[in-house]
$ cat upload-v4.cif   # mmCIF, C-alpha atoms
data_entry
#
loop_
_atom_site.label_atom_id
_atom_site.label_comp_id
_atom_site.auth_asym_id
_atom_site.auth_seq_id
_atom_site.Cartn_x
_atom_site.Cartn_y
_atom_site.Cartn_z
CA MET A 1319 155.54 65.17 352.86
CA GLU A 1320 155.81 68.07 355.30
CA THR A 1321 154.47 71.52 354.46
CA VAL A 1322 157.29 73.67 353.09
CA THR A 1323 157.47 77.24 351.80
CA LEU A 1324 159.32 77.70 348.50
CA ARG A 1325 160.17 80.96 346.77
CA ALA A 1326 159.28 81.10 343.08
CA HIS A 1327 158.56 83.54 340.29
CA PHE A 1328 156.45 83.69 337.15
CA ASP A 1329 158.43 84.21 333.94
CA GLY A 1330 155.37 85.08 331.87
CA LYS A 1331 154.69 81.49 330.84
CA GLN A 1332 155.21 79.27 333.87
CA ILE A 1333 155.93 79.30 337.59
CA LEU A 1334 159.60 78.54 338.30
CA LEU A 1335 161.10 77.66 341.68
CA ASP A 1336 163.94 79.97 342.70
CA GLU A 1337 165.89 77.03 344.16
CA PRO A 1338 165.83 73.35 343.21
CA PHE A 1339 163.43 71.20 345.23
CA ASP A 1340 162.25 67.63 344.65
CA LEU A 1341 158.46 67.53 344.47
CA GLU A 1342 156.50 64.32 344.48
CA GLN A 1343 154.38 63.71 341.39
CA ASP A 1344 150.88 65.15 341.81
CA ALA A 1345 151.93 67.04 344.96
CA GLN A 1346 149.23 69.51 345.97
CA LEU A 1347 150.36 73.12 345.93
CA ILE A 1348 148.94 76.42 347.15
CA ILE A 1349 150.22 79.47 345.28
CA THR A 1350 150.21 82.91 346.91
CA VAL A 1351 150.80 85.85 344.59
CA LEU A 1352 152.58 88.70 346.39
CA PRO A 1353 152.09 92.30 345.31
CA LYS A 1354 155.14 93.70 343.56
CA SER A 1355 155.34 96.64 345.95
CA LEU A 1356 155.70 94.24 348.90
CA SER A 1357 158.66 92.52 347.23
CA GLU A 1358 160.30 95.84 346.39
CA GLU A 1359 159.78 97.14 349.92
CA ARG A 1360 161.25 93.94 351.37
CA GLU A 1361 164.30 94.31 349.10
CA ASP A 1362 164.73 97.93 350.22
CA TRP A 1363 164.64 96.88 353.90
CA ALA A 1364 167.10 94.05 353.22
CA ARG A 1365 169.51 96.46 351.48
CA LEU A 1366 169.24 98.90 354.40
CA ALA A 1367 169.89 96.12 356.93
CA LEU A 1368 172.93 94.87 355.00
CA ALA A 1369 174.36 98.37 354.74
CA SER A 1370 173.95 98.82 358.51
CA LEU A 1371 175.63 95.49 359.21
CA GLU A 1372 178.52 96.43 356.93
CA ARG A 1373 179.00 99.65 358.90
CA ALA A 1374 178.80 97.84 362.26
CA TYR A 1375 181.09 94.96 361.30
CA GLY A 1376 183.46 96.54 358.83
CA ASP A 1377 187.04 95.47 358.15
CA ASP A 1378 188.35 98.19 360.46
CA GLU A 1379 186.34 96.84 363.44
CA PRO A 1380 188.79 95.80 366.20
CA GLU A 1381 188.78 92.24 367.55
CA TYR A 1382 187.91 92.06 371.24
CA SER A 1383 189.38 89.22 373.28
CA LEU A 1384 187.76 87.54 376.28
CA ALA A 1385 190.51 89.08 378.44
CA LEU A 1386 188.90 92.50 377.91
CA ILE A 1387 185.67 91.43 379.64
CA LYS A 1388 185.61 93.10 383.06
CA GLU A 1389 182.61 91.31 384.55
CA ALA A 1390 181.28 87.91 383.53
CA ASN A 1391 177.58 87.45 382.87
CA PRO A 1392 176.44 84.63 385.22
CA ASP A 1393 173.30 84.03 383.12
CA TYR A 1394 175.28 83.35 379.91
CA GLU A 1395 175.50 79.71 378.94
CA ALA A 1396 178.64 79.05 376.91
CA ARG A 1397 178.05 76.63 374.08
#
$ encode --input "upload-v4.cif" --output "structure tokens"
Amino acid sequence: METVTLRAHFDGKQILLDEPFDLEQDAQLIITVLPKSLSEEREDWARLALASLERAYGDDEPEYSLALIKEANPDYEAR
């Protein structure tokens, strides 16, 4: 089995995975306990980032067509 990082939480009695994942019986695990302040700070940054994205890509944002491009970028590889 490959090494994989899984998010989980402790409910006061047991460690629970946040998303389903099939573990092999007797799989070896390493548990890292994160400080609560780190989780809260990460959530604050995520909320700030989402709010900024909502402002940048709101419903009133106009659609720009390729015809509006004045100069092509020769280094861009279209996929």
$ atom_distance --input "upload-v4.cif" --atom1 "atom CA of A:Gln1346" --atom2 "atom CA of A:Ile1333"
14.5 Å
$ residues_around --input "upload-v4.cif" --residues "A:Thr1323" --least-positions-apart "2" --cutoff "12 Å" --atoms "only C-alpha atoms" --output "VMD selection string"
chain A and resid 1320 to 1321 1325 to 1326 1335 to 1337 1339 1347 to 1350
$ write_last_selection --input "upload-v4.cif" --atoms "C-alpha atoms" --output "mmCIF file, keeping the file's coordinate frame"
data_model
loop_
_atom_site.group_PDB
_atom_site.id
_atom_site.type_symbol
_atom_site.label_atom_id
_atom_site.label_comp_id
_atom_site.auth_asym_id
_atom_site.auth_seq_id
_atom_site.Cartn_x
_atom_site.Cartn_y
_atom_site.Cartn_z
ATOM 1 C CA GLU A 1320 155.810 68.070 355.300
ATOM 2 C CA THR A 1321 154.470 71.520 354.460
ATOM 3 C CA ARG A 1325 160.170 80.960 346.770
ATOM 4 C CA ALA A 1326 159.280 81.100 343.080
ATOM 5 C CA LEU A 1335 161.100 77.660 341.680
ATOM 6 C CA ASP A 1336 163.940 79.970 342.700
ATOM 7 C CA GLU A 1337 165.890 77.030 344.160
ATOM 8 C CA PHE A 1339 163.430 71.200 345.230
ATOM 9 C CA LEU A 1347 150.360 73.120 345.930
ATOM 10 C CA ILE A 1348 148.940 76.420 347.150
ATOM 11 C CA ILE A 1349 150.220 79.470 345.280
ATOM 12 C CA THR A 1350 150.210 82.910 346.910
#
$ atom_distance --input "upload-v4.cif" --atom1 "atom CA of A:Lys1354" --atom2 "atom CA of A:Leu1366"
18.5 Å
$ atom_distance --input "upload-v4.cif" --atom1 "atom CA of A:Glu1358" --atom2 "atom CA of A:Phe1328"
15.7 Å
$ closest_residue --input "upload-v4.cif" --among "A:Leu1368, A:Glu1389, A:His1327, A:Glu1395" --to "A:Leu1352" --atoms "all atoms listed in the file"
A:His1327
